[in-house]
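Visitor: Attaching a single structure in structure tokens format; questions to follow.
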Amino acid sequence: MTSIILLSVFGILNLFLGFLRSNKVLLPGAMLLLLAVFGANYADWNVVHEPYFNHMLVVDNYTVAFTGIVLLTTILLLPFSRSYVTSGEPNLAEYYALLLFSLVGAIMMIGYDHLLMLFVGIEILSISMYVLAGSSKRDSRSNEAALKYFLMGAFATGILLFGIALLYGATGTFALSQLATAVAAPANASLQPMLYIGILMMIIGIGFKVSAAPFHFWTPDVYEGTPTFFTAFMSTVVKTAGFAAFLKLLAVALPAAQGFWMPTIQAMCALTLLLGNVGAAAQTNTKRMLAYSSVSHAGYLLIGLVASKGVLQGEAASAIFFYSLAYSIATVAAFGVLKLVTDHRKDDSYAGLNGLGKTNPLLAFVMTVAMLSLAGIPLTGGFFGKFFLLAAAVGQGYIGLVVFAVIMSMVGLYYYLRPLIAMYLKPAPEGATPVPVDGIQTVTLVVLALLTILLGIVPGFMSGIL
Amino acid sequence: MLTAVLLFLPLAAALLLLFVKGAAARALAFGASLVEFALAAYAAFDFKTHGSEAYNLNYSWIPSAGINFHIGLDGLSLLLVLLTTFLVPLILLSAFKRDYDSPSTFYALVLFMQTGLLGVFTSLDAFLFYFFWEVALIPIYFLAGAWGGERRVAITLKFFLYTVVGSLLMLAGFVYLYLQTGPAAGSLAQHSSELSAFYNLHLSASEQSWLFWLIFAAFAVKMPIFPFHTWQPDTYTDAPAPATMLLSGIMLKMGIYGTMRWLLPVVPLGVSQWQKPVIILSVIGIIYGAIIAIRQRDVKRLIAYSSLSHVGLMAAGVFSLTQIGLQGAVVQMLAHGVNVVGMFLVADAIERRTGTRFIPDLGGLTRRTPLLSVCFLIMLLSTVALPLTGGFVGEFLLLEGVFQYNAWVGAVAGLTIIFSAVYLLRMFQRVMLGPDSSFSETITDLTGGELLIFVPLIALVFWIGLFPNTFLHLSEPAVTNILALVGR
């Protein structure tokens, strides 16, 4: 709760800092206050709080853990906004403020205990993201991305809201715990179809937000057009919050309807894995590849939802947490490097990375660690993320799904190796100069790589905590 | 404790190397690898008095999942640790002879790889084993990819995908086995990935039947066994010489070692079910590799196929499930490691002097290079398994084991000795003897530094050939133990 308050206040303060046009203060200021929020959030770990606002919002370890991921991701992402600072972008303060507000939305999505709170959270997050997707005003691709994202997103939100309404109609409540009892023991059997249609619509709505197939079509285009900095935010914070919300919905409100949603999620999972991985393998543009890769990672996380079997604690939930953490860190690293390189070389295809191992060994190394982590190779957090997820699924007996996921991750190896091939095995373009990286970015990149390796060597400190 | 030092010293040196340049980097890399060898040699002497218990190290790694950081040494691991630590300094010395781009990184990757290899040979926990198995792959991918020949991009991609797919299948097998185990004593987790827990599983024959192939996939690709070998000749040929030596001299042994420790005793029923097909595949590999080797015109490629042929015999010996076959495989792992590294060293020495590996371009080199010729011949004869050399002891025991399994299979496998004499002596004849080529007058002999690399190798060739008991004694209890577990 403290984090929501702090973030909202800071967001407004940020807007005033914008009046002062003191761009130099903005970035360090935003980072410091996010660190403060991170600390405040951590202070809630293992502390029992009464639910807020008549059971609208709960702050338990689940909320704290996932909030921790989105805050950490944002902190580590911020240094890569540097070029916005130096480019003399006039609306910088607004962007930072929107970023902070969207974090408030994300935390509401994670901590909700009431479907309206979920809706409000999703809307706060989404509307901020619509604006940020179009923040590169003079770039037509960015405009296109914003329009696409807004049209599709608004439609999906509508479906989600419709689902919530139908759920309310069938059960007479918005509160998760009451929903659970009402679904388990329906008062009126004739309302069952309404309930199921409601559940399906909610799955579609959230599936859109986390870009799960077949509701992922917007992802590559929007990711490609959105300024890289905000793409990174979209593919980490939005996804993490989306999955935290998804798991909570299925595990707290709808465990009794498992017979209905389990096959749906399984089918979505298999489809997402297939389309994400095969789609990524076909790309020649690093950013689009990362977009499809984020679809494929939604597929792996869906395995976690299947393996959770409607339980919010335990192996599967911990695995989803660990996976989201490892995935977010690696994705921030990948997008961070990509942004620095494309800002300098103006080329976001694989060829744009050519010879980076020679010109910028550090950037190439961080990208390597990120790619290996996303591919799930040992020594990186991504390996243990996949391992915990798949082990949880095997433990519940979903062998077929796991075999499919393993085959798909073999496809993944192919496209995650392509940036490495470009960086180390291809020569740098004629007259290529080193990509400029400033001090704080260097430190952040090193931290990102170290965190990924740390999660890959001593995963014990973050595994099994939920 | 010494085991952990052995494991992490190369890694620490590799990290330091990132900050060191030039001559200091060479000194650091070589020094670290020498210290490493000294430690391993000390362990080998100490081992006889204190036994394997003193080298056991077990920490909880991921407590919630019952996964431990458990490493230890027995006779078998110890011999492979000795082989690794013995070869790495020599491989580094050979790398110093060439001007590679960013040499510090190159040496760092070699040392990083050493940690991975030693981890594979010492792990006693399935996930730790898998972890190091993949850790060993990452540096070799970059070594072969970044410093390789012209076709390196396609070739290293193939190599990487092949081996990773194989290891993922192994991981799937391990996860299944892991989920069948009960909790370890004093552990909060429900399962355990300890090797001993895997040994204590009693799975049905039908489960073991498919588990066998899941786990064996990784080992078969790594060795490689026919028909999983297609990555091997290309990779050996195109990788830079030190990487080829690492691949053929040590990494290949990961497959044999893995089979002996992680396959035979874990799924014994599966092994007995598939013993025959695997031995037949191995023997096909022996003949196939040899026949193709005869036709090769690139020195490195010829050695690659020769290695394929020899590894087939090792696999056949292991799967004969006889004491003598397994012991033969152990000795042959050492002998082959020395031989093949020696052969690639010779190939590298010739290529550095002449700029070519193409056999028809070479010839009549021996007049100006007596030392190189002698080294070449010794390594070659050991590979051909001439008595007195290490290769003889290994291949003899292996053939004996295969013979005990089935005389006919043994007879076919025995062709390897004839075949290897044919293709290797032919190569020697056409490269070193034969009509003069444009290089015969200009080529220079081995320098003192290069000779220094060959001397320990040659010494070991004769040591294994004359006193194989030094090594057989060390591995005997371990091999007996494995066979006892298989025979349950």
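Scheme for the structure tokens: letters A, B, ... for chains in order shown; per-chain residue numbers from 1; ligand numbers from 1 in order shown.
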Which residues of chain B sit at most 7 Å from chain A, using only C-alpha atoms? Give each one's shortest atom pair and distance in Å (one decimal place), in chain and ascending residue order, as JSON lines.
Guide:
```
{"residue": "B:Trp61", "atom": "CA", "partner": "A:Gly460", "partner_atom": "CA", "distance": 6.5}
{"residue": "B:Ile62", "atom": "CA", "partner": "A:Gly460", "partner_atom": "CA", "distance": 4.4}
{"residue": "B:Pro63", "atom": "CA", "partner": "A:Gly460", "partner_atom": "CA", "distance": 6.6}
{"residue": "B:Ser64", "atom": "CA", "partner": "A:Gly464", "partner_atom": "CA", "distance": 6.0}
{"residue": "B:Phe131", "atom": "CA", "partner": "A:Pro378", "partner_atom": "CA", "distance": 5.7}
{"residue": "B:Glu134", "atom": "CA", "partner": "A:Pro378", "partner_atom": "CA", "distance": 6.2}
{"residue": "B:Val135", "atom": "CA", "partner": "A:Pro378", "partner_atom": "CA", "distance": 6.6}
{"residue": "B:Gly145", "atom": "CA", "partner": "A:Leu425", "partner_atom": "CA", "distance": 6.4}
{"residue": "B:Ala146", "atom": "CA", "partner": "A:Leu425", "partner_atom": "CA", "distance": 5.3}
{"residue": "B:Val153", "atom": "CA", "partner": "A:Leu425", "partner_atom": "CA", "distance": 6.6}
{"residue": "B:Val165", "atom": "CA", "partner": "A:Met410", "partner_atom": "CA", "distance": 6.4}
{"residue": "B:Val175", "atom": "CA", "partner": "A:Ala391", "partner_atom": "CA", "distance": 6.9}
{"residue": "B:Leu179", "atom": "CA", "partner": "A:Gly395", "partner_atom": "CA", "distance": 6.9}
```
Visitor: Ala349 (chain B): which residues within 10 Å, counting only C-alpha atoms, same-chain residues fewer than 5 positions away excluded, as a list in words?
Guide: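 Answer for this query is Ser94, Lys97, Ala241, Met343, Phe344, Thr354, Gly355, Leu372, Asp445, Leu446 and Glu450 of chain B.
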Visitor: Just list the residues in region 159-217 of chain B DSSP gives helix (DSSP H, G or I) on the backbone, as a PyMOL selection string.
Guide: chain B and resi 159-180+195-199+205-217
Visitor: Restrict the selected residues to N, CA, C and O atoms and save them as a compact mmCIF listing (two decimals), in the first residue's frame.
Guide:
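After the write, again.txt holds the following:
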```
# COMPACT_ATOMS: atom_id res chain seq x y z
N PHE B 159 26.70 -27.80 -34.36
CA PHE B 159 27.30 -28.44 -33.19
C PHE B 159 26.51 -28.10 -31.92
O PHE B 159 26.13 -28.97 -31.14
N PHE B 160 26.22 -26.81 -31.78
CA PHE B 160 25.52 -26.36 -30.57
C PHE B 160 24.13 -26.97 -30.49
O PHE B 160 23.74 -27.51 -29.46
N LEU B 161 23.40 -26.90 -31.60
CA LEU B 161 22.02 -27.41 -31.57
C LEU B 161 22.03 -28.92 -31.30
O LEU B 161 21.26 -29.41 -30.48
N TYR B 162 22.92 -29.63 -31.96
CA TYR B 162 23.00 -31.08 -31.75
C TYR B 162 23.20 -31.41 -30.28
O TYR B 162 22.47 -32.18 -29.69
N THR B 163 24.24 -30.78 -29.70
CA THR B 163 24.58 -31.17 -28.34
C THR B 163 23.52 -30.69 -27.35
O THR B 163 23.21 -31.40 -26.41
N VAL B 164 22.96 -29.49 -27.59
CA VAL B 164 21.97 -29.01 -26.62
C VAL B 164 20.70 -29.85 -26.69
O VAL B 164 20.11 -30.17 -25.66
N VAL B 165 20.30 -30.22 -27.89
CA VAL B 165 19.11 -31.07 -27.98
C VAL B 165 19.36 -32.38 -27.24
O VAL B 165 18.53 -32.85 -26.46
N GLY B 166 20.55 -32.95 -27.46
CA GLY B 166 20.89 -34.17 -26.74
C GLY B 166 20.83 -33.96 -25.24
O GLY B 166 20.23 -34.76 -24.51
N SER B 167 21.41 -32.88 -24.76
CA SER B 167 21.44 -32.70 -23.30
C SER B 167 20.06 -32.38 -22.74
O SER B 167 19.77 -32.75 -21.61
N LEU B 168 19.21 -31.72 -23.54
CA LEU B 168 17.86 -31.47 -23.04
C LEU B 168 17.11 -32.78 -22.84
O LEU B 168 16.37 -32.95 -21.87
N LEU B 169 17.34 -33.72 -23.76
CA LEU B 169 16.69 -35.02 -23.59
C LEU B 169 17.20 -35.69 -22.31
O LEU B 169 16.43 -36.27 -21.55
N MET B 170 18.51 -35.57 -22.09
CA MET B 170 19.06 -36.13 -20.85
C MET B 170 18.43 -35.47 -19.63
O MET B 170 18.05 -36.14 -18.67
N LEU B 171 18.27 -34.15 -19.71
CA LEU B 171 17.67 -33.44 -18.59
C LEU B 171 16.25 -33.95 -18.35
O LEU B 171 15.84 -34.17 -17.21
N ALA B 172 15.51 -34.16 -19.44
CA ALA B 172 14.15 -34.68 -19.29
C ALA B 172 14.19 -36.02 -18.56
O ALA B 172 13.40 -36.27 -17.65
N GLY B 173 15.14 -36.86 -18.95
CA GLY B 173 15.28 -38.15 -18.28
C GLY B 173 15.59 -37.99 -16.81
O GLY B 173 15.01 -38.64 -15.94
N PHE B 174 16.50 -37.07 -16.51
CA PHE B 174 16.87 -36.83 -15.12
C PHE B 174 15.68 -36.32 -14.31
O PHE B 174 15.48 -36.72 -13.17
N VAL B 175 14.89 -35.42 -14.93
CA VAL B 175 13.74 -34.89 -14.19
C VAL B 175 12.78 -36.02 -13.86
O VAL B 175 12.24 -36.10 -12.75
N TYR B 176 12.59 -36.92 -14.82
CA TYR B 176 11.69 -38.05 -14.55
C TYR B 176 12.22 -38.89 -13.40
O TYR B 176 11.50 -39.22 -12.46
N LEU B 177 13.51 -39.20 -13.46
CA LEU B 177 14.10 -40.02 -12.39
C LEU B 177 13.98 -39.29 -11.05
O LEU B 177 13.65 -39.90 -10.03
N TYR B 178 14.26 -37.99 -11.09
CA TYR B 178 14.21 -37.17 -9.88
C TYR B 178 12.84 -37.24 -9.23
O TYR B 178 12.71 -37.38 -8.01
N LEU B 179 11.79 -37.20 -10.05
CA LEU B 179 10.44 -37.21 -9.50
C LEU B 179 10.06 -38.58 -8.94
O LEU B 179 9.09 -38.71 -8.22
N GLN B 180 10.84 -39.60 -9.29
CA GLN B 180 10.57 -40.93 -8.73
C GLN B 180 11.25 -41.13 -7.39
O GLN B 180 10.94 -42.08 -6.68
N LEU B 195 23.10 -38.79 -6.96
CA LEU B 195 23.41 -39.96 -7.77
C LEU B 195 23.00 -41.24 -7.03
O LEU B 195 22.41 -42.16 -7.60
N SER B 196 23.29 -41.28 -5.73
CA SER B 196 22.98 -42.49 -4.97
C SER B 196 21.48 -42.74 -4.93
O SER B 196 21.03 -43.89 -4.96
N ALA B 197 20.69 -41.63 -4.91
CA ALA B 197 19.24 -41.81 -4.93
C ALA B 197 18.80 -42.41 -6.25
O ALA B 197 17.88 -43.24 -6.30
N PHE B 198 19.46 -41.99 -7.33
CA PHE B 198 19.14 -42.57 -8.65
C PHE B 198 19.50 -44.05 -8.69
O PHE B 198 18.80 -44.85 -9.28
N TYR B 199 20.64 -44.39 -8.04
CA TYR B 199 21.06 -45.79 -8.03
C TYR B 199 20.05 -46.66 -7.29
O TYR B 199 19.90 -47.83 -7.59
N ALA B 205 11.09 -52.33 -16.21
CA ALA B 205 11.89 -52.47 -17.42
C ALA B 205 11.39 -51.56 -18.53
O ALA B 205 12.17 -51.01 -19.31
N SER B 206 10.06 -51.37 -18.60
CA SER B 206 9.54 -50.55 -19.70
C SER B 206 9.92 -49.08 -19.50
O SER B 206 10.25 -48.38 -20.44
N GLU B 207 9.90 -48.60 -18.24
CA GLU B 207 10.35 -47.23 -17.98
C GLU B 207 11.82 -47.07 -18.34
O GLU B 207 12.22 -46.11 -18.99
N GLN B 208 12.61 -48.04 -17.89
CA GLN B 208 14.05 -47.94 -18.13
C GLN B 208 14.35 -47.98 -19.62
O GLN B 208 15.32 -47.39 -20.08
N SER B 209 13.49 -48.66 -20.35
CA SER B 209 13.73 -48.81 -21.78
C SER B 209 13.76 -47.45 -22.47
O SER B 209 14.67 -47.16 -23.24
N TRP B 210 12.78 -46.58 -22.21
CA TRP B 210 12.82 -45.27 -22.88
C TRP B 210 13.71 -44.28 -22.16
O TRP B 210 14.28 -43.39 -22.76
N LEU B 211 13.84 -44.44 -20.84
CA LEU B 211 14.78 -43.56 -20.13
C LEU B 211 16.19 -43.74 -20.65
O LEU B 211 16.96 -42.79 -20.73
N PHE B 212 16.51 -44.97 -21.02
CA PHE B 212 17.84 -45.24 -21.56
C PHE B 212 18.14 -44.31 -22.72
O PHE B 212 19.19 -43.66 -22.77
N TRP B 213 17.19 -44.19 -23.65
CA TRP B 213 17.48 -43.38 -24.84
C TRP B 213 17.49 -41.90 -24.53
O TRP B 213 18.27 -41.14 -25.11
N LEU B 214 16.63 -41.47 -23.60
CA LEU B 214 16.66 -40.05 -23.22
C LEU B 214 18.04 -39.67 -22.71
O LEU B 214 18.63 -38.68 -23.12
N ILE B 215 18.57 -40.49 -21.78
CA ILE B 215 19.84 -40.13 -21.17
C ILE B 215 20.98 -40.38 -22.15
O ILE B 215 21.91 -39.59 -22.26
N PHE B 216 20.86 -41.48 -22.87
CA PHE B 216 21.96 -41.84 -23.76
C PHE B 216 22.09 -40.85 -24.91
O PHE B 216 23.18 -40.68 -25.46
N ALA B 217 21.00 -40.15 -25.25
CA ALA B 217 21.05 -39.19 -26.36
C ALA B 217 22.19 -38.21 -26.17
O ALA B 217 22.98 -37.95 -27.08
```
Visitor: With a distance cut-off of 7 Å and only C-alpha atoms, select the neighbouring residues of region 98-111 of chain A, excluding the residue or stretch itself and same-chain residues fewer than 2 positions from it, and output the selection as a list in words.
Guide: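 Returned residues: Ile4, Leu7, Ser8, Gly11, Leu57, Val58, Val59, Thr63, Phe66, Thr67, Glu94, Tyr95, Tyr96, Asp113, Met117, Leu118, Gly121, Ile122, Ile124, Leu125, Ser128, Val238, Ala241, Ala244 and Ala245 of chain A.
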Visitor: Next, write the just-selected residues to a file, as an mmCIF file, in the first residue's frame, keeping N, CA and C atoms as the atom set.
Guide:
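Output contents, as saved in selection.cif:
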```cif
data_model
loop_
_atom_site.group_PDB
_atom_site.id
_atom_site.type_symbol
_atom_site.label_atom_id
_atom_site.label_comp_id
_atom_site.auth_asym_id
_atom_site.auth_seq_id
_atom_site.Cartn_x
_atom_site.Cartn_y
_atom_site.Cartn_z
ATOM 1 N N ILE A 4 2.048 2.070 -3.408
ATOM 2 C CA ILE A 4 1.070 2.728 -4.281
ATOM 3 C C ILE A 4 1.020 4.218 -3.965
ATOM 4 N N LEU A 7 4.277 5.993 -5.013
ATOM 5 C CA LEU A 7 4.404 6.124 -6.465
ATOM 6 C C LEU A 7 3.469 7.205 -7.004
ATOM 7 N N SER A 8 2.230 7.241 -6.484
ATOM 8 C CA SER A 8 1.286 8.246 -6.969
ATOM 9 C C SER A 8 1.789 9.645 -6.649
ATOM 10 N N GLY A 11 4.734 10.499 -8.720
ATOM 11 C CA GLY A 11 4.342 10.738 -10.100
ATOM 12 C C GLY A 11 3.882 12.169 -10.295
ATOM 13 N N LEU A 57 -8.082 -4.660 -1.900
ATOM 14 C CA LEU A 57 -6.658 -4.807 -2.183
ATOM 15 C C LEU A 57 -6.008 -5.535 -1.016
ATOM 16 N N VAL A 58 -5.191 -6.535 -1.327
ATOM 17 C CA VAL A 58 -4.460 -7.199 -0.244
ATOM 18 C C VAL A 58 -2.965 -7.028 -0.478
ATOM 19 N N VAL A 59 -2.259 -6.857 0.621
ATOM 20 C CA VAL A 59 -0.803 -6.831 0.539
ATOM 21 C C VAL A 59 -0.292 -8.027 1.328
ATOM 22 N N THR A 63 1.785 -10.378 -3.264
ATOM 23 C CA THR A 63 1.816 -9.018 -3.803
ATOM 24 C C THR A 63 3.219 -8.430 -3.711
ATOM 25 N N PHE A 66 5.766 -10.018 -6.352
ATOM 26 C CA PHE A 66 5.617 -9.592 -7.742
ATOM 27 C C PHE A 66 5.815 -8.081 -7.888
ATOM 28 N N THR A 67 5.370 -7.310 -6.872
ATOM 29 C CA THR A 67 5.657 -5.875 -6.911
ATOM 30 C C THR A 67 7.151 -5.648 -6.945
ATOM 31 N N GLU A 94 6.547 14.160 -18.275
ATOM 32 C CA GLU A 94 5.296 13.440 -18.439
ATOM 33 C C GLU A 94 5.547 11.946 -18.629
ATOM 34 N N TYR A 95 6.602 11.637 -19.396
ATOM 35 C CA TYR A 95 6.875 10.217 -19.616
ATOM 36 C C TYR A 95 7.217 9.524 -18.313
ATOM 37 N N TYR A 96 8.085 10.158 -17.538
ATOM 38 C CA TYR A 96 8.429 9.547 -16.252
ATOM 39 C C TYR A 96 7.197 9.418 -15.379
ATOM 40 N N ASP A 113 -8.046 -7.763 -4.871
ATOM 41 C CA ASP A 113 -8.832 -8.810 -4.224
ATOM 42 C C ASP A 113 -10.281 -8.675 -4.656
ATOM 43 N N MET A 117 -11.067 -3.676 -8.775
ATOM 44 C CA MET A 117 -9.694 -3.230 -8.577
ATOM 45 C C MET A 117 -8.815 -3.732 -9.705
ATOM 46 N N LEU A 118 -9.049 -4.970 -10.112
ATOM 47 C CA LEU A 118 -8.305 -5.524 -11.245
ATOM 48 C C LEU A 118 -8.523 -4.658 -12.477
ATOM 49 N N GLY A 121 -6.796 -1.324 -12.177
ATOM 50 C CA GLY A 121 -5.353 -1.501 -12.338
ATOM 51 C C GLY A 121 -4.987 -1.663 -13.798
ATOM 52 N N ILE A 122 -5.705 -2.556 -14.491
ATOM 53 C CA ILE A 122 -5.397 -2.804 -15.903
ATOM 54 C C ILE A 122 -5.551 -1.523 -16.706
ATOM 55 N N ILE A 124 -5.333 1.672 -15.646
ATOM 56 C CA ILE A 124 -4.269 2.643 -15.351
ATOM 57 C C ILE A 124 -3.008 2.272 -16.116
ATOM 58 N N LEU A 125 -2.694 0.982 -16.060
ATOM 59 C CA LEU A 125 -1.486 0.512 -16.736
ATOM 60 C C LEU A 125 -1.622 0.700 -18.243
ATOM 61 N N SER A 128 -1.653 4.379 -19.693
ATOM 62 C CA SER A 128 -0.294 4.923 -19.701
ATOM 63 C C SER A 128 0.490 4.340 -20.863
ATOM 64 N N VAL A 238 4.448 -5.138 -17.806
ATOM 65 C CA VAL A 238 3.067 -5.465 -18.140
ATOM 66 C C VAL A 238 2.845 -6.969 -18.087
ATOM 67 N N ALA A 241 2.954 -8.257 -14.329
ATOM 68 C CA ALA A 241 1.722 -7.903 -13.620
ATOM 69 C C ALA A 241 0.553 -8.703 -14.177
ATOM 70 N N ALA A 244 0.702 -12.211 -12.815
ATOM 71 C CA ALA A 244 0.349 -12.243 -11.392
ATOM 72 C C ALA A 244 -1.168 -12.145 -11.247
ATOM 73 N N ALA A 245 -1.778 -11.273 -12.061
ATOM 74 C CA ALA A 245 -3.234 -11.127 -11.998
ATOM 75 C C ALA A 245 -3.933 -12.387 -12.482
#
```
Visitor: Name all residues at most 7 Å from Ala251 (chain A) (count only C-alpha atoms; drop same-chain ones fewer than 4 positions away) and give them as a PyMOL selection string.
Guide: chain A and resi 247+255+310-312
Visitor: Produce a file of the selected residues containing C-alpha atoms, as a compact mmCIF listing (two decimals), in the first residue's frame.
Guide:
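What follows is the written file part-v7.txt:
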```txt
# COMPACT_ATOMS: atom_id res chain seq x y z
CA LEU A 247 -2.72 -16.62 -11.61
CA PRO A 255 -10.37 -22.94 -8.58
CA GLY A 310 -5.68 -23.37 -8.96
CA VAL A 311 -3.34 -22.97 -5.97
CA LEU A 312 -1.74 -19.62 -5.23
```
Visitor: Go through B:Leu57, B:Leu118, B:Ala220, B:Ile443 and flag the residue nearest Leu9 (chain B), using only C-alpha atoms for the distances.
Guide: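 The shortest atom-to-atom distance to Leu9 (chain B) comes from B:Leu118.
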Visitor: Just the residues within 12 Å of Gly410 (chain B), please, counting only C-alpha atoms, with nothing from its chain fewer than 3 positions along; format it as a PyMOL selection string.
Guide: chain B and resi 279-280+282-283+286+313+316-317+320+325+395-407+413-417
Visitor: So that I can check the surroundings of Ala335 (chain B), please list as a VMD selection string every protein, DNA and RNA residue that reaches within 8 Å of it, counting only C-alpha atoms and ignoring chain neighbours fewer than 4 positions away.
Guide: chain B and resid 331 339 390 to 391 394 461 464
Visitor: The selected residues should be written to file as a PDB file, in the first residue's frame (atoms: C-alpha atoms).
Guide:
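This is the output file result22.pdb:
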```
ATOM      1  CA  VAL B 331      42.816 -46.753 -20.093  1.00  0.00           C
ATOM      2  CA  ASN B 339      47.121 -39.633 -28.806  1.00  0.00           C
ATOM      3  CA  GLY B 390      49.257 -46.614 -24.487  1.00  0.00           C
ATOM      4  CA  GLY B 391      46.948 -47.236 -27.398  1.00  0.00           C
ATOM      5  CA  GLY B 394      43.573 -49.685 -24.205  1.00  0.00           C
ATOM      6  CA  VAL B 461      52.231 -42.786 -24.100  1.00  0.00           C
ATOM      7  CA  ILE B 464      50.517 -46.184 -20.138  1.00  0.00           C
TER       8      ILE B 464
END
```
Visitor: List every residue of region 88-182 of chain A that has an atom at most 7 Å from any atom of region 227-231 of chain A, and for each one report the closest atom pair and its distance in Å to one decimal, counting only C-alpha atoms, with rows sorted by chain and then by increasing residue number, as a tab-separated table.
Guide:
```
residue	atom	partner	partner_atom	distance
A:Leu132	CA	A:Phe230	CA	6.6
A:Ala133	CA	A:Phe230	CA	6.7
A:Ser136	CA	A:Pro227	CA	6.6
A:Ser142	CA	A:Pro227	CA	6.8
```
Visitor: Could you check the closest approach to Val435 (chain A) for each of A:Thr342, A:Asn354, A:Asn188, A:Thr181 and tell me which residue wins, using only C-alpha atoms?
Guide: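 Nearest candidate to Val435 (chain A) out of A:Thr342, A:Asn354, A:Asn188, A:Thr181: A:Thr342.
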